[in-house]
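J.: Sharing a structure, written as structure tokens. Questions coming.
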Amino acid sequence: MNSWKLVYEGFDPKRESLREALCTLGNGYFAVRGAAPESEPGEVHYPGTYLAGGYNRLKTEIAGRVIENEDLVNMPNWLVTRFRPEEGDWLNLLSVDILFYHQELNLKEGLLARTVTFRDKQGRETTLIQRRFVHMEHMHLAGLETTIIPENWTGRIQVRTSLDGTVINAGVERYKQLNSKHLSPIGSEAVDEETICLLVETNQSSLRVAEAARTRVYSREELIEIERKLVEHPGYIGQEFFIEVARKKPAKIEKIVSFFTSRDFAISEPALDSVEAVGHAGGFDELLQSHVLQWDHLWNRFDIRLENSDRPQMILRLHIFHLLQTVSRNSIDLDVGVPARGWHGEAYRGHIFWDELFIFPYLNLRIPSITRSLLLYRYRRLNQSRLAAQAEGVSGALYPWQSGSNGREETQHLHLNPKSGRWLPDYSHLQRHVNTAVAYNVWQYYKVTGDREFLAACGAEMILEIARFLAGITTFNQELDRYEILGVMGPDEYHDGYPDSETPGLNNNAYTNVMTVYVLRTALKAIDALPPKRRRYLLETLGLKQAEFYRWQDIIRKMRVVFHGDNIISQFEGYDRLMEFDWEAYRQKYGDIQRLDRILEAEGDTPNRYKVSKQADVVMLFYLFSAEEIQELFTHMGYDFDPESIPHNIEYYLKRSSHGSTLSNIIHSWVLSRSDRPGSLELFHKSLESDISDIQGGTTHEGIHLGAMAGTVDILQRCYTGLEFHDDTLFLNPNIPASLPKLLHENQVPGQLV
Ligand code: BGC
């Protein structure tokens with residue numbers, strides 16, 4: 001096995017859409033799924049092209065309500081390259097005999113290649129070799145090369161190559177009842193013999209998108225002139241032509257494509273610049289060279305090497321690869337966030353969640369300028385978050401659970417339970433803890449990089465406004481002499497309310513409360529870290545007065561955390577009164593019970609009644625903080641927390657988790673590294689399989705899980721090495737599981753940490 005290649009032998013229609021997600025190519029600006037260029041969207045294939053941050057909103061009437069969703073738009077399909085022997089059938093892998101099929105994603109080079117030999121109904125055998133890249137350096141360019149070799153026949157082939165803007169968003173089954181037509185045709189043009197161009201616009205966000213394609217045909221390596229017929233209808237432009245082919249002699253079609261939008265920098269108009277870009281672009285091989293060079297530079301900086309362990313090594317590289325294809329140097333200044341599911345599919349609509357928390361640490365240590373740019377995405381939405389806080393009657397800033405274009409709350413109002421077919425209210429926007437993640441990320445970035453300029457210009461303002469909001473939703477309970485946060489949801493989305501209550505939300509979610517204390521303390525530290533003048537200006541601008549700080553300090557000392565049993569931190573107030581769940585019976589009945597929420601709802605029940613978690617909640621505290629830090633936080637709150645109880649807490653919740661989110665295995669692997677290293681390693685390996693083996697049984701094809709991908713890499717980078725940063729000092733406190741292969745240091749370049 002080659003640890004630089006994801007290889008598939010044989011065509012498997014059932015797993016094709018999973019492969020498409022895993023073989024997505026992107027460069028931080030745009031991405032294309034690894035769909036076959038001849039394929040049409042349907043049960044087997046789903047070609048999708050996505051622009052980083054390319055959103056559009058549509059309204060739909062559903063279950064008697066009009067709801068609006070903001071989607072990551074499926075952009076015009078530039079791959080379309082279809083062919084057939086004259087008078088034969090257009091190639092469709094489902095209706096030919098496949099004699100040979102090999103597909104490989106070369107991670108080192110960022111190249112996707114496929115070789116297929118097939119026999120059609122007339123007995124003609126043909127080999128098809130395709131290679132493609134999305135250029136890592138020239139971010140507007142991509143290339144697709146198709147070589148056709150008739151193995152036992154001579155004749156003519158008909159080719160159609162196009163730019164198809166008639167596509168809709170149809171990549172997620174459960175969104176199918178929602179409106180999905182985002183693109184309006186604006187124009188198309190055959191610019192010259194070789195070049196066509198398409199211009200479309202998103203129908204709400206008015207984003208203009210242009211693609212141009214330059215198609216050249218080679219016979220036996222010689223560029224040939226061919227007669228082309230234009231195929232054009234609204235939103236679609238293509239060329240059709242015939243090529244004379246001879247037995248065993250290759251014919252090659254080279255398609256160089258450019259992608260521009262009205263939001264790009266340094267352009268006049270997207271169509272014009274698109275045409276210019278393909279006009280000046282080199283050939284496939286020339287472009288490939290500079291693309292590979294760029295990847296080589298990236299790997300020098302980002303690779304993590306594991307000795308003698310081909311499969312884990314390959315998967316780790318796959319994870320790093322997809323991370324860098326989602327956010328890269330090309331994304332800096334694009335004003336985009338890091339989407340939970342990559343730009344690899346339409347699940348979660350390309351939205352930005354708290355998953356940043358699992359992604360930034362790896363970037364912080366490797367290329368912090370990317371984190372900075374992703375934090376700026378949040379900073380630019382601070383005003384929108386202020387409005388959201390105001391709407392709740394609180395000052396400060398309330399960041400949304402799901403964020404898209406302008407930072408408005410994008411969490412869907414209704415979601416479909418595919419198991420019951422019912423549309424249900426979605427309360428996940430009550431996960432106010434996303435705010436604590438934003439503040440945590442700002443502070444971590446500052447701690448790791450020492451970037452005081454960022455802290456002074458943007459970071460501190462975000463932390464202070466978040467602190468203000470969190471303090472604003474904190475209420476004082478006279479009777480208990482403690483502060484509380486009521487009516488929220490923690491990371492465990494199975495619990496969105498009390499079983500007997502009409503109103504959603506839970507009281508005193510331990511994670512939210514402790515994180516609030518962390519944020520308030522951090523806010524006070526951030527003020528201290530500012531240069532005096534900036535501190536004064538910022539406090540004046542925000543109108544932050546001493547009285548507010550006194551209240552923050554009081555909250556820090558008196559925040560409420562509920563405990564039950566033997567020093568178990570209760571996930572929320574009342575958790576101990578919930579029923580134990582019969583895990584065994586449900587496992588027997590359903591097999592896969594990762595999505596217990598859907599199972600129980602379909603049965604007319606609800607997880608709200610049970611001690612079940614979708615994912616780590618309380619346990620998140622042990623993921624984010626060392627035992628010393630946790631103890632310090634609790635001591636400040638006036639609780640006598642014994643770090644010895646941490647393993648019991650982990651065990652308690654681990655037993656009651658279905659790991660319905662891929663993040664959960666990461667977190668549990670991390671926290672077990674101190675108390676149960678074999679257990680930690682087992683979950684690490686399970687996390688490695690999250691996407692490549694689609695362990696959730698059918699989610700990866702809708703988009704990869706970037707948090708879990710980055711999380712696995714970070715387990716090696718920070719968790720097993722015990723790498724921590726405190727007060728300008730780097731700490732190393734390794735917890736390396738005995739059977740973990742060696743992490744190699746060879747070929748390091750300055751700045752590389754592991
Ligand atoms: C998880 C969230 C996560 C989201 C996006 C959900 O299934 O429960 O914690 O933020 O997926 O990855």
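Each chain in the structure tokens gets a letter, A, B and so on, in the order shown; residues start at 1 in every chain, and ligands are counted from 1 in the order they appear.
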Write out as a ChimeraX atom specification each polymer residue (protein, DNA or RNA) that has an atom no more than 10 Å from ligand 1, with only C-alpha atoms and all ligand atoms counted.
T.: /A:339-342,347-348,350-358,401-402,428,431,434,490-494,595,614-617,659-664,704-708
J.: Point out the residue among A:Glu548, A:Glu453, A:Glu724, A:Asp12 with the least atom-to-atom distance to A:Phe625, counting only C-alpha atoms.
T.: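 Nearest candidate to A:Phe625 out of A:Glu548, A:Glu453, A:Glu724, A:Asp12: A:Glu724.
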J.: Rank A:Ala213, A:Val134, A:Val32, A:Val257 by their smallest atom-to-atom distance to A:Val292, using only C-alpha atoms, and report the top residue only.
T.: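 When distances to A:Val292 are compared using only C-alpha atoms, the smallest one comes from A:Val134.
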J.: Determine, counting only C-alpha atoms, which protein, DNA and RNA residues have an atom within 7 Å of an atom of A:Asn435; residues of the same chain fewer than 6 positions away are not included. Present the result as a PyMOL selection string.
T.: chain A and resi 398-399+466
J.: Please compute the atom CA of A:Leu480-atom CA of A:Gln390 distance, one decimal, in Å.
T.: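 Computing it gives 28.4 Å between the two atoms.
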J.: I'd like the interatomic distance between atom CA of A:Asn417 and atom CA of A:Asp597, to a tenth of an Å.
T.: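 Rounded to one decimal, the two atoms are 9.0 Å apart.
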J.: Based on DSSP run over this structure's backbone, return all residues of stretch 366-550 of chain A in helix (DSSP H, G or I), as a count of residues only.
T.: 100
